[in-house]
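Asker: Supplied structure: run_13.txt, compact mmCIF, C-alpha atoms and all ligand atoms.
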# COMPACT_ATOMS: atom_id res chain seq x y z
CA MET R 1 0.00 0.00 0.00
CA LYS R 2 1.33 3.44 -0.92
CA ILE R 3 0.44 6.50 1.17
CA VAL R 4 1.31 10.07 0.27
CA THR R 5 1.42 12.21 3.43
CA ILE R 6 1.06 15.96 3.03
CA VAL R 7 2.59 18.32 5.60
CA GLY R 8 3.61 21.96 5.42
CA ALA R 9 3.11 23.88 8.69
CA ARG R 10 4.81 23.53 12.08
CA PRO R 11 2.08 21.62 13.98
CA GLN R 12 1.83 19.09 11.15
CA PHE R 13 5.44 18.01 11.55
CA VAL R 14 4.69 17.04 15.16
CA LYS R 15 1.56 15.08 14.21
CA ALA R 16 3.19 13.40 11.20
CA ALA R 17 6.25 12.39 13.23
CA VAL R 18 4.28 9.95 15.37
CA VAL R 19 2.07 8.67 12.54
CA SER R 20 5.06 8.16 10.21
CA ARG R 21 6.80 6.16 12.92
CA ALA R 22 3.75 3.90 13.22
CA LEU R 23 3.54 3.58 9.42
CA ALA R 24 7.21 2.59 9.23
CA ALA R 25 6.54 -0.19 11.71
CA HIS R 26 3.69 -1.57 9.61
CA PRO R 27 4.75 -4.17 7.03
CA GLY R 28 3.83 -3.61 3.42
CA VAL R 29 3.40 0.16 3.61
CA GLU R 30 5.33 2.71 1.58
CA GLU R 31 4.97 6.30 2.81
CA VAL R 32 5.95 9.25 0.61
CA LEU R 33 6.24 12.38 2.73
CA VAL R 34 5.51 15.59 0.82
CA HIS R 35 6.29 19.04 2.31
CA THR R 36 4.34 21.84 0.67
CA GLY R 37 6.83 24.48 1.82
CA GLN R 38 4.15 26.51 3.62
CA HIS R 39 6.62 26.96 6.48
CA TYR R 40 10.23 27.25 5.38
CA ASP R 41 12.39 29.02 7.99
CA GLU R 42 14.79 26.64 9.76
CA GLN R 43 13.04 27.34 13.12
CA MET R 44 9.58 26.79 11.60
CA SER R 45 10.41 23.63 9.66
CA GLY R 46 13.92 22.09 9.47
CA VAL R 47 14.43 21.97 13.23
CA PHE R 48 11.32 19.77 13.63
CA PHE R 49 12.59 17.15 11.20
CA SER R 50 15.90 16.83 13.00
CA GLU R 51 14.54 16.99 16.58
CA LEU R 52 11.60 14.65 15.97
CA GLY R 53 13.85 12.11 14.24
CA MET R 54 11.91 12.29 10.99
CA SER R 55 13.22 11.30 7.57
CA PRO R 56 13.54 14.32 5.31
CA PRO R 57 10.53 14.77 3.02
CA ALA R 58 10.67 12.97 -0.33
CA CYS R 59 10.01 16.34 -1.95
CA ASN R 60 9.46 19.97 -0.96
CA LEU R 61 7.06 21.88 -3.20
CA GLU R 62 8.43 25.22 -1.97
CA VAL R 63 5.16 27.12 -2.30
CA GLY R 64 6.11 29.63 0.42
CA SER R 65 3.86 32.38 1.74
CA GLY R 66 0.99 34.17 0.01
CA THR R 67 -2.65 35.14 0.24
CA GLN R 68 -5.10 32.37 1.12
CA GLY R 69 -6.09 31.67 -2.49
CA ALA R 70 -2.65 32.07 -4.04
CA GLN R 71 -0.94 29.85 -1.48
CA THR R 72 -3.63 27.15 -1.57
CA GLY R 73 -3.81 27.30 -5.37
CA ARG R 74 -0.06 26.86 -5.82
CA MET R 75 -0.16 23.88 -3.48
CA LEU R 76 -3.11 22.33 -5.31
CA GLU R 77 -1.34 22.41 -8.64
CA ALA R 78 1.94 21.08 -7.27
CA ILE R 79 0.34 18.31 -5.18
CA GLU R 80 -1.69 17.16 -8.18
CA GLN R 81 1.56 16.59 -10.11
CA VAL R 82 2.99 14.53 -7.24
CA LEU R 83 -0.16 12.41 -7.03
CA LEU R 84 -0.18 11.82 -10.78
CA GLU R 85 3.41 10.57 -10.54
CA GLN R 86 3.06 8.57 -7.33
CA ARG R 87 -0.45 7.09 -7.84
CA PRO R 88 -0.95 6.40 -4.11
CA ASP R 89 -3.74 4.37 -2.51
CA TRP R 90 -4.32 7.06 0.11
CA VAL R 91 -3.49 10.68 0.79
CA LEU R 92 -3.01 11.42 4.49
CA VAL R 93 -3.60 14.97 5.75
CA PHE R 94 -3.41 16.55 9.21
CA GLY R 95 -5.27 19.33 10.97
CA ASP R 96 -6.61 22.46 9.32
CA THR R 97 -4.00 24.46 7.44
CA ASN R 98 -3.96 25.45 3.79
CA SER R 99 -1.65 22.48 3.18
CA THR R 100 -4.38 20.20 4.59
CA LEU R 101 -7.08 21.52 2.29
CA ALA R 102 -4.86 21.54 -0.79
CA GLY R 103 -3.85 17.92 -0.16
CA ALA R 104 -7.43 16.78 0.35
CA LEU R 105 -8.75 18.65 -2.66
CA ALA R 106 -6.00 17.52 -5.02
CA ALA R 107 -6.60 13.90 -3.99
CA ALA R 108 -10.40 14.04 -4.13
CA LYS R 109 -10.30 15.49 -7.66
CA LEU R 110 -8.10 12.59 -8.78
CA HIS R 111 -10.34 10.06 -6.98
CA VAL R 112 -7.60 9.18 -4.54
CA ARG R 113 -8.97 8.36 -1.08
CA VAL R 114 -8.26 10.90 1.66
CA ALA R 115 -7.66 10.12 5.34
CA HIS R 116 -7.90 13.07 7.74
CA VAL R 117 -6.12 13.01 11.08
CA GLU R 118 -7.67 15.44 13.61
CA ALA R 119 -11.05 15.38 11.90
CA GLY R 120 -14.23 16.89 13.30
CA LEU R 121 -12.86 19.88 15.19
CA ARG R 122 -15.02 22.97 14.90
CA SER R 123 -14.83 26.54 16.18
CA PHE R 124 -18.13 27.38 14.44
CA ASN R 125 -16.41 30.57 13.33
CA ARG R 126 -16.24 30.61 9.54
CA SER R 127 -14.17 33.78 9.46
CA MET R 128 -11.15 31.63 10.43
CA PRO R 129 -9.35 30.14 7.42
CA GLU R 130 -8.78 27.02 9.52
CA GLU R 131 -12.53 26.43 9.97
CA VAL R 132 -13.10 26.52 6.21
CA ASN R 133 -10.14 24.17 5.72
CA ARG R 134 -11.41 21.66 8.31
CA VAL R 135 -14.99 21.51 7.13
CA LEU R 136 -14.05 21.09 3.47
CA THR R 137 -11.35 18.52 4.25
CA ASP R 138 -13.69 16.43 6.39
CA HIS R 139 -16.30 16.38 3.66
CA ALA R 140 -13.70 15.30 1.08
CA SER R 141 -12.38 12.47 3.27
CA GLU R 142 -13.07 8.76 3.19
CA LEU R 143 -11.58 8.15 6.64
CA LEU R 144 -12.05 10.59 9.51
CA PHE R 145 -9.79 10.12 12.53
CA ALA R 146 -11.39 12.08 15.37
CA PRO R 147 -9.34 12.95 18.45
CA THR R 148 -12.27 13.60 20.84
CA GLU R 149 -15.90 12.71 21.51
CA ALA R 150 -16.88 16.28 20.66
CA ALA R 151 -15.24 15.89 17.24
CA VAL R 152 -17.21 12.70 16.58
CA GLU R 153 -20.44 14.49 17.47
CA ASN R 154 -19.61 17.35 15.11
CA LEU R 155 -19.03 14.96 12.21
CA CYS R 156 -22.25 13.06 12.87
CA ARG R 157 -24.22 16.32 13.12
CA GLU R 158 -22.93 17.26 9.66
CA GLY R 159 -24.26 13.99 8.26
CA LEU R 160 -20.93 12.29 7.61
CA PRO R 161 -21.41 8.51 7.50
CA PRO R 162 -20.60 6.99 10.94
CA GLU R 163 -18.65 4.13 9.31
CA ARG R 164 -16.07 6.66 8.09
CA VAL R 165 -15.57 8.14 11.58
CA HIS R 166 -13.10 6.60 14.05
CA LEU R 167 -12.45 7.92 17.55
CA VAL R 168 -8.73 7.17 17.97
CA GLY R 169 -7.50 9.84 20.40
CA ASP R 170 -5.10 12.67 19.72
CA VAL R 171 -1.77 12.05 18.01
CA MET R 172 -0.38 15.11 19.78
CA TYR R 173 -0.88 13.28 23.07
CA ASP R 174 1.19 10.41 21.68
CA ALA R 175 3.85 12.96 20.72
CA ALA R 176 3.79 14.54 24.18
CA LEU R 177 4.29 11.16 25.86
CA PHE R 178 7.10 10.22 23.50
CA TYR R 179 9.03 13.49 23.43
CA ALA R 180 8.61 14.82 27.01
CA GLU R 181 11.42 12.58 28.23
CA VAL R 182 13.62 13.40 25.25
CA ALA R 183 13.07 17.11 25.93
CA ALA R 184 13.90 16.66 29.63
CA GLN R 185 17.26 15.16 28.62
CA ARG R 186 18.13 17.31 25.60
CA SER R 187 16.75 20.81 26.25
CA ASP R 188 18.27 23.11 28.81
CA LEU R 189 16.56 26.27 27.59
CA PRO R 190 14.87 27.21 30.90
CA ALA R 191 18.32 27.03 32.51
CA ARG R 192 19.98 28.97 29.67
CA LEU R 193 17.37 31.73 30.01
CA GLY R 194 18.00 31.81 33.77
CA LEU R 195 14.45 30.64 34.47
CA LEU R 196 14.96 27.37 36.34
CA GLU R 197 14.23 28.88 39.76
CA VAL R 198 11.98 31.63 38.38
CA ASP R 199 8.19 31.60 38.03
CA TYR R 200 7.40 32.46 34.42
CA ILE R 201 4.50 32.70 32.01
CA LEU R 202 4.91 31.35 28.47
CA ALA R 203 2.90 33.05 25.71
CA THR R 204 2.46 32.32 21.99
CA VAL R 205 0.35 34.31 19.54
CA HIS R 206 -0.05 33.77 15.81
CA ARG R 207 -3.75 33.62 14.83
CA ALA R 208 -4.66 36.00 12.02
CA GLU R 209 -7.56 37.41 14.07
CA ASN R 210 -5.06 38.51 16.76
CA THR R 211 -2.04 39.52 14.71
CA ASP R 212 -3.86 41.30 11.89
CA ASN R 213 -6.02 43.37 14.25
CA ALA R 214 -3.95 46.17 15.79
CA ALA R 215 -6.32 46.65 18.77
CA ARG R 216 -6.19 42.98 19.73
CA LEU R 217 -2.42 42.76 19.20
CA ARG R 218 -2.00 45.77 21.46
CA ALA R 219 -4.34 44.33 24.13
CA ILE R 220 -2.35 41.09 24.16
CA PHE R 221 1.09 42.66 24.42
CA GLU R 222 0.06 45.38 26.87
CA GLY R 223 -1.65 42.67 28.93
CA LEU R 224 1.52 40.58 28.91
CA ARG R 225 3.56 43.63 29.97
CA ARG R 226 1.28 44.07 32.98
CA VAL R 227 1.85 40.42 33.92
CA ALA R 228 5.61 41.01 33.53
CA ARG R 229 5.47 43.28 36.60
CA GLU R 230 4.96 40.09 38.67
CA TYR R 231 6.32 37.21 36.62
CA ALA R 232 8.88 36.71 33.90
CA VAL R 233 7.02 36.49 30.57
CA VAL R 234 8.60 34.54 27.70
CA VAL R 235 7.23 34.98 24.17
CA PRO R 236 8.62 32.86 21.30
CA LEU R 237 7.58 35.00 18.33
CA HIS R 238 5.94 33.43 15.28
CA PRO R 239 7.20 35.25 12.14
CA ARG R 240 3.65 36.46 11.44
CA THR R 241 3.59 38.13 14.87
CA ARG R 242 7.06 39.59 14.52
CA GLY R 243 5.92 41.17 11.25
CA ALA R 244 2.66 42.46 12.76
CA LEU R 245 4.50 44.04 15.70
CA ALA R 246 6.92 45.74 13.31
CA ARG R 247 4.00 47.13 11.27
CA THR R 248 2.53 48.87 14.35
CA GLY R 249 5.68 51.06 14.36
CA GLU R 250 5.94 50.60 18.14
CA GLY R 251 7.08 47.00 18.49
CA PRO R 252 9.89 47.77 20.98
CA LYS R 253 7.46 49.72 23.22
CA LEU R 254 4.79 47.00 23.08
CA THR R 255 7.28 44.29 24.01
CA GLU R 256 9.42 46.14 26.57
CA GLY R 257 10.05 43.96 29.62
CA LEU R 258 9.10 40.72 27.83
CA LEU R 259 11.60 37.99 27.06
CA LEU R 260 11.23 37.58 23.30
CA THR R 261 12.79 34.66 21.44
CA ASP R 262 12.76 33.29 17.91
CA PRO R 263 10.32 30.42 17.32
CA LEU R 264 11.56 27.55 19.48
CA GLY R 265 12.47 24.08 18.35
CA TYR R 266 9.99 21.48 19.58
CA LEU R 267 12.16 20.11 22.40
CA ASP R 268 12.88 23.57 23.79
CA MET R 269 9.17 24.38 23.50
CA VAL R 270 8.16 21.26 25.41
CA SER R 271 10.71 22.05 28.08
CA MET R 272 9.51 25.66 28.38
CA GLU R 273 5.87 24.56 28.50
CA SER R 274 6.37 21.98 31.20
CA HIS R 275 8.12 24.43 33.56
CA ALA R 276 5.71 27.37 33.04
CA ARG R 277 3.25 28.57 35.73
CA VAL R 278 0.66 29.53 33.11
CA ILE R 279 0.58 29.31 29.32
CA ALA R 280 -1.27 32.05 27.42
CA THR R 281 -1.83 31.23 23.77
CA ASP R 282 -4.05 31.33 20.71
CA SER R 283 -2.52 28.10 19.38
CA GLY R 284 -4.56 24.93 19.13
CA GLY R 285 -1.67 22.58 19.83
CA VAL R 286 -0.21 24.60 22.67
CA GLN R 287 -3.58 24.61 24.53
CA LYS R 288 -3.46 20.84 24.65
CA GLU R 289 0.22 20.63 25.49
CA ALA R 290 -0.47 22.86 28.52
CA TYR R 291 -2.93 20.21 29.70
CA PHE R 292 -0.55 17.34 28.92
CA TYR R 293 2.07 18.96 31.14
CA GLY R 294 -0.43 19.95 33.88
CA VAL R 295 -0.10 23.70 33.30
CA PRO R 296 -3.16 26.02 33.44
CA CYS R 297 -3.90 27.76 30.14
CA VAL R 298 -5.48 31.04 29.06
CA THR R 299 -6.68 30.93 25.47
CA LEU R 300 -6.67 34.34 23.82
CA ARG R 301 -9.67 33.72 21.60
CA GLU R 302 -13.48 33.85 21.54
CA GLU R 303 -13.82 30.10 21.15
CA THR R 304 -11.83 26.89 21.10
CA GLU R 305 -12.17 23.63 19.22
CA TRP R 306 -10.83 21.81 22.30
CA VAL R 307 -13.94 22.41 24.41
CA GLU R 308 -13.16 19.67 26.94
CA LEU R 309 -10.21 21.71 28.23
CA VAL R 310 -12.61 24.49 29.21
CA THR R 311 -15.26 22.24 30.78
CA THR R 312 -12.65 20.43 32.89
CA GLY R 313 -11.26 23.76 34.11
CA TRP R 314 -7.76 23.58 32.59
CA ASN R 315 -8.37 26.34 30.11
CA ARG R 316 -10.17 29.68 30.25
CA LEU R 317 -11.26 31.54 27.13
CA THR R 318 -10.24 35.18 27.18
CA PRO R 319 -10.94 37.20 24.04
CA PRO R 320 -8.09 39.74 23.95
CA VAL R 321 -10.20 42.89 23.94
CA SER R 322 -8.41 44.73 26.76
CA ALA R 323 -4.98 44.66 28.39
CA GLU R 324 -6.62 44.52 31.84
CA GLY R 325 -8.70 41.48 30.83
CA VAL R 326 -5.68 39.62 29.44
CA ALA R 327 -3.53 40.34 32.50
CA GLU R 328 -6.30 39.49 34.97
CA ALA R 329 -7.04 36.14 33.31
CA ILE R 330 -3.38 35.12 33.35
CA LEU R 331 -2.82 36.15 36.96
CA GLU R 332 -6.02 34.41 38.08
CA ALA R 333 -4.93 31.19 36.38
CA VAL R 334 -1.69 30.92 38.39
CA GLY R 335 -1.84 27.92 40.73
CA THR R 336 -5.16 26.57 39.40
CA ARG R 337 -5.78 23.03 38.23
CA GLY R 338 -8.58 21.31 36.34
CA ARG R 339 -10.15 17.89 36.61
CA VAL R 340 -8.00 15.03 35.33
CA GLY R 341 -9.36 12.52 32.80
CA ALA R 342 -8.40 10.64 29.64
CA LEU R 343 -9.53 13.46 27.35
CA TYR R 344 -7.28 12.58 24.41
CA GLY R 345 -7.12 8.79 24.36
CA GLN R 346 -4.54 6.34 25.63
CA GLY R 347 -1.41 7.59 23.87
CA ASN R 348 -1.83 5.11 21.01
CA ALA R 349 -3.75 7.28 18.54
CA ALA R 350 -1.06 6.90 15.85
CA GLU R 351 -1.03 3.09 16.08
CA ARG R 352 -4.83 2.97 15.98
CA THR R 353 -4.91 5.30 12.99
CA VAL R 354 -2.41 3.20 11.08
CA ALA R 355 -4.19 -0.06 11.95
CA ILE R 356 -7.50 1.26 10.58
CA LEU R 357 -5.89 2.85 7.53
CA CYS R 358 -3.79 -0.16 6.57
CA ASP R 359 -5.82 -3.16 7.78
CA GLY R 360 -9.34 -1.76 7.37
C1 LIG L 1 -0.51 28.61 9.53
C2 LIG L 1 -1.91 28.00 9.53
C3 LIG L 1 -2.45 27.98 10.95
C4 LIG L 1 -1.47 27.27 11.89
C5 LIG L 1 -0.08 27.90 11.78
C6 LIG L 1 0.90 27.11 12.61
C7 LIG L 1 -3.26 28.41 7.52
C8 LIG L 1 -4.36 29.20 6.93
N1 LIG L 1 -2.82 28.81 8.73
O1 LIG L 1 -0.61 29.94 9.95
O2 LIG L 1 -3.67 27.26 10.97
O3 LIG L 1 -1.94 27.40 13.21
O4 LIG L 1 0.34 27.86 10.40
O5 LIG L 1 2.02 27.86 12.94
O6 LIG L 1 -2.82 27.47 6.92
N2 LIG L 1 6.39 33.14 7.63
C9 LIG L 1 7.75 33.23 7.68
N3 LIG L 1 8.48 32.07 7.68
C10 LIG L 1 7.92 30.84 7.62
C11 LIG L 1 6.50 30.77 7.56
C12 LIG L 1 5.76 31.93 7.57
O7 LIG L 1 8.32 34.33 7.72
O8 LIG L 1 8.64 29.82 7.63
C13 LIG L 1 5.61 34.40 7.68
C14 LIG L 1 5.23 34.95 6.32
O9 LIG L 1 5.26 36.34 6.41
C15 LIG L 1 3.80 34.49 6.15
C16 LIG L 1 3.27 34.52 7.57
O10 LIG L 1 4.38 34.13 8.38
O11 LIG L 1 3.06 35.34 5.30
C17 LIG L 1 2.12 33.57 7.81
O12 LIG L 1 2.44 32.25 7.40
P1 LIG L 1 1.30 31.24 6.89
O13 LIG L 1 1.87 29.90 6.69
O14 LIG L 1 0.55 31.84 5.77
O15 LIG L 1 0.28 31.21 8.08
P2 LIG L 1 0.53 30.99 9.64
O16 LIG L 1 0.16 32.23 10.34
O17 LIG L 1 1.87 30.41 9.86
N1 LIG L 2 5.78 25.04 18.85
C1 LIG L 2 7.17 25.01 18.84
N2 LIG L 2 7.84 26.19 18.97
C2 LIG L 2 7.21 27.39 19.12
C3 LIG L 2 5.79 27.40 19.13
C4 LIG L 2 5.11 26.20 18.98
O1 LIG L 2 7.78 23.94 18.75
O2 LIG L 2 7.89 28.42 19.23
C5 LIG L 2 5.06 23.77 18.70
C6 LIG L 2 4.11 23.48 19.83
O3 LIG L 2 4.80 22.87 20.90
C7 LIG L 2 3.09 22.59 19.17
C8 LIG L 2 3.02 23.13 17.78
O4 LIG L 2 4.23 23.84 17.55
O5 LIG L 2 3.53 21.24 19.13
C9 LIG L 2 1.85 24.07 17.65
O6 LIG L 2 1.96 24.81 16.50
P1 LIG L 2 1.32 26.26 16.31
O7 LIG L 2 1.05 26.88 17.61
O8 LIG L 2 2.20 26.97 15.37
O9 LIG L 2 -0.02 25.92 15.51
P2 LIG L 2 -1.49 25.41 15.89
O10 LIG L 2 -1.38 24.25 16.80
O11 LIG L 2 -2.21 26.57 16.49
O12 LIG L 2 -2.08 25.07 14.57
Is it possible to give me this structure as structure tokens?
Ligand code: UD1
Ligand code: UDP
Answerer:
Amino acid sequence: MKIVTIVGARPQFVKAAVVSRALAAHPGVEEVLVHTGQHYDEQMSGVFFSELGMSPPACNLEVGSGTQGAQTGRMLEAIEQVLLEQRPDWVLVFGDTNSTLAGALAAAKLHVRVAHVEAGLRSFNRSMPEEVNRVLTDHASELLFAPTEAAVENLCREGLPPERVHLVGDVMYDAALFYAEVAAQRSDLPARLGLLEVDYILATVHRAENTDNAARLRAIFEGLRRVAREYAVVVPLHPRTRGALARTGEGPKLTEGLLLTDPLGYLDMVSMESHARVIATDSGGVQKEAYFYGVPCVTLREETEWVELVTTGWNRLTPPVSAEGVAEAILEAVGTRGRVGALYGQGNAAERTVAILCDG
């Protein structure tokens, strides 16, 4: 059986790493890993392949950045060529980025079956490009690997046939279990930043609705600066956010007193997450990693796809509309804990996915 796996953005390298490992262990499977080139900086892409122990991609389509349509369109054309050459039995896609949609669409148009890992998540906010990508990908997929009960319910509500839907757990939980120990041995970033004995808050921001809206960007960074009066605040900057801060013309003022870094490699990120007092983020993956490492989380958005983190008390939704609100939510979260449960499966989501995909 031949599987073409499409990845392109940072969170997809983490998800693909565990699934590719399970595929490699399955006899009779050939995986061809295709990188769209959506993320291309060493700290957004290359570092993940080396740290996660992944084979380099079979090809990189080098589509780079662009508007939604231009980027997705370039990917669609290039992926189609790969599929025509490779003639796979399945195309495997992850999550909700433009690379996900382009992979699913290219395959569906060529009548190649699509399997979607992390299917069924919904924010019910169609202004997010990710929501459009998820819904369309799910409806183009033959196999839907749902990480949570809520995701299964969403798929059923949209009329997708139940026999296509499989509740397998979350591959990011598998990754957290596998790499936490590696990170503990290999990353000394908290020590290098002088934070081992220091209480700190870790923050990441990259969603278009936060970076491309000057009022929200300001509320977030002014809120973080207020928190920095009491705790160290570390912010690994996504390139989108670095650019948005520069465009305000007052980036240095908005970030004064914060510990800014380049995007972190995965092992350093895991290490920083697991030692933080609170994580404030608009990332999907980082919300869950906070929970995996037992750290309270403030999500700087109106809604989340990972609703079980809110109902169990690990995560509080805080739309970044004022600096006071952002600071208050973070400070209130310090020292809190939620209810513990097996929200994301048993740590074998990748094996279960591969078993269903390859053995039926
Ligand atoms: C994308 C995904 C988002 C995901 C995020 C993970 C879409 C629509 N969005 O958002 O769902 O959460 O990846 O991080 O697919 N840039 C660089 N170097 C890079 C990559 C990007 O400088 O290696 C800059 C470019 O200016 C680019 C901007 O970041 O225009 C945004 O990149 P893009 O891939 O379009 O979207 P993300 O915000 O990364
Ligand atoms: N991540 C990382 N370095 C960073 C920020 C994030 O390694 O500086 C990892 C993070 O640990 C998680 C994944 O990237 O595994 C999440 O990606 P991101 O926040 O970019 O996207 P999202 O999950 O929101 O789609």
Asker: Fewer than 2 positions away in the same chain doesn't count, so skip those; otherwise give me all residues within 9 Å of region 94-100 of chain R, counting all atoms listed in the file, as number ranges by chain.
Answerer: R: 5-9, 11-12, 15-16, 35-38, 68, 71-72, 75-76, 92, 102-105, 115-119, 121, 129-135, 137
Asker: Which chain R residues have any atom within 8 Å of an atom of ligand LIG 2 (chain L), and for each, what is the nearest pair of atoms with distance in Å to one decimal, counting all atoms listed in the file, rows sorted by chain and number, as a Markdown table?
Answerer:
| residue | atom | partner | partner_atom | distance |
| --- | --- | --- | --- | --- |
| R:Ala9 | CA | L:LIG2 | O8 | 7.4 |
| R:Arg10 | CA | L:LIG2 | O6 | 5.4 |
| R:Pro11 | CA | L:LIG2 | O6 | 4.1 |
| R:Gln12 | CA | L:LIG2 | O6 | 7.8 |
| R:Val14 | CA | L:LIG2 | O5 | 5.9 |
| R:Gln43 | CA | L:LIG2 | N2 | 7.9 |
| R:Met44 | CA | L:LIG2 | N2 | 7.6 |
| R:Phe48 | CA | L:LIG2 | O1 | 7.5 |
| R:Gly95 | CA | L:LIG2 | O12 | 7.5 |
| R:Asp96 | CA | L:LIG2 | O12 | 7.4 |
| R:Thr97 | CA | L:LIG2 | O12 | 7.4 |
| R:Met172 | CA | L:LIG2 | O5 | 7.3 |
| R:Thr204 | CA | L:LIG2 | C3 | 6.6 |
| R:Val205 | CA | L:LIG2 | O7 | 7.7 |
| R:His206 | CA | L:LIG2 | O8 | 7.2 |
| R:Arg207 | CA | L:LIG2 | O11 | 7.4 |
| R:Pro236 | CA | L:LIG2 | O2 | 5.0 |
| R:Leu237 | CA | L:LIG2 | O2 | 6.6 |
| R:His238 | CA | L:LIG2 | O2 | 6.7 |
| R:Asp262 | CA | L:LIG2 | O2 | 7.0 |
| R:Pro263 | CA | L:LIG2 | O2 | 3.7 |
| R:Leu264 | CA | L:LIG2 | O2 | 3.8 |
| R:Gly265 | CA | L:LIG2 | O1 | 4.7 |
| R:Tyr266 | CA | L:LIG2 | O1 | 3.4 |
| R:Leu267 | CA | L:LIG2 | O1 | 6.9 |
| R:Asp268 | CA | L:LIG2 | O1 | 7.2 |
| R:Met269 | CA | L:LIG2 | O1 | 5.0 |
| R:Val270 | CA | L:LIG2 | O3 | 5.8 |
| R:Glu273 | CA | L:LIG2 | O3 | 7.9 |
| R:Asp282 | CA | L:LIG2 | O11 | 6.6 |
| R:Ser283 | CA | L:LIG2 | O11 | 3.3 |
| R:Gly284 | CA | L:LIG2 | O11 | 3.9 |
| R:Gly285 | CA | L:LIG2 | O10 | 3.5 |
| R:Val286 | CA | L:LIG2 | C7 | 5.2 |
| R:Glu289 | CA | L:LIG2 | O3 | 6.9 |
Asker: The centre and edge lengths of an axis-aligned box containing all atoms of ligand LIG 1 (chain L) present in the file, extended by 5 Å on each side, are to be given in Å to one decimal, as lines of an AutoDock Vina configuration file.
Answerer:
center_x = 2.1
center_y = 31.7
center_z = 9.3
size_x = 23.0
size_y = 19.2
size_z = 17.9
Asker: Looking at R:Ser45, R:Ser271, R:Thr318, R:Asn348, which one is nearest to Arg192 (chain R), with distances taken over only C-alpha atoms?
Answerer: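 Comparing R:Ser45, R:Ser271, R:Thr318, R:Asn348 against Arg192 (chain R), the winner is R:Ser271.
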Asker: Suppose you want the space between CA of Ala106 (chain R) and CA of Pro147 (chain R); what is it in Å?
Answerer: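 Between CA of Ala106 (chain R) and CA of Pro147 (chain R) the gap works out to 24.1 Å.
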Asker: Around the point (4.0, 14.0, 22.0) (coordinates from the file), which residues reach within 10 Å if we count all atoms listed in the file? Answer as a list in words.
Answerer: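 Within 10 Å of (4.0, 14.0, 22.0), the protein and nucleic acid residues are Val14, Lys15, Ala17, Val18, Leu52, Asp170, Val171, Met172, Tyr173, Asp174, Ala175, Ala176, Leu177, Phe178, Tyr179, Ala180, Glu181, Tyr266, Val270, Glu289, Phe292 and Gly347 of chain R.
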Asker: Show me, as a list of chain:residue names, the residues that have an atom within 6 Å of Ala146 (chain R) when counting all atoms listed in the file, minus same-chain residues fewer than 4 positions from it.
Answerer: R:Glu118, R:Ala119, R:Gly120, R:Ala151, R:Val152, R:His166, R:Leu167
Asker: Could you check which of R:Val310, R:Ala323, R:Val91, R:Ala280 is closest to Ile3 (chain R), using all atoms listed in the file?
Answerer: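 Closest candidate: R:Val91.
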Asker: So, with only C-alpha atoms as the atoms that count, which of R:Leu189, R:Ala78, R:Leu259, R:Ala215 lies closest to Val235 (chain R)?
Answerer: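 Of R:Leu189, R:Ala78, R:Leu259, R:Ala215, the one nearest Val235 (chain R) is R:Leu259, counting only C-alpha atoms.
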Asker: Using CA of Asn213 (chain R) and atom N3 of ligand LIG 1 (chain L) as the two end points, give the distance in Å to one decimal.
Answerer: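 Calculated distance between CA of Asn213 (chain R) and atom N3 of ligand LIG 1 (chain L) is 19.5 Å.
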Asker: Any idea what's packed within 10 Å of Val29 (chain R), counting all atoms listed in the file, ignoring anything in its chain fewer than 3 positions away? Could you give it as a VMD selection string?
Answerer: chain R and resid 1 to 3 23 to 26 32 354 358
Asker: Counting only C-alpha atoms, note down every residue that has an atom within 10 Å of the point (0.6, 43.9, 23.9) (file coordinates), as a PyMOL selection string.
Answerer: chain R and resi 214-226+245+251+253-256+258+320+322-323+326
Asker: By how many Å are CA of Leu317 (chain R) and CA of Thr299 (chain R) apart?
Answerer: 4.9 Å
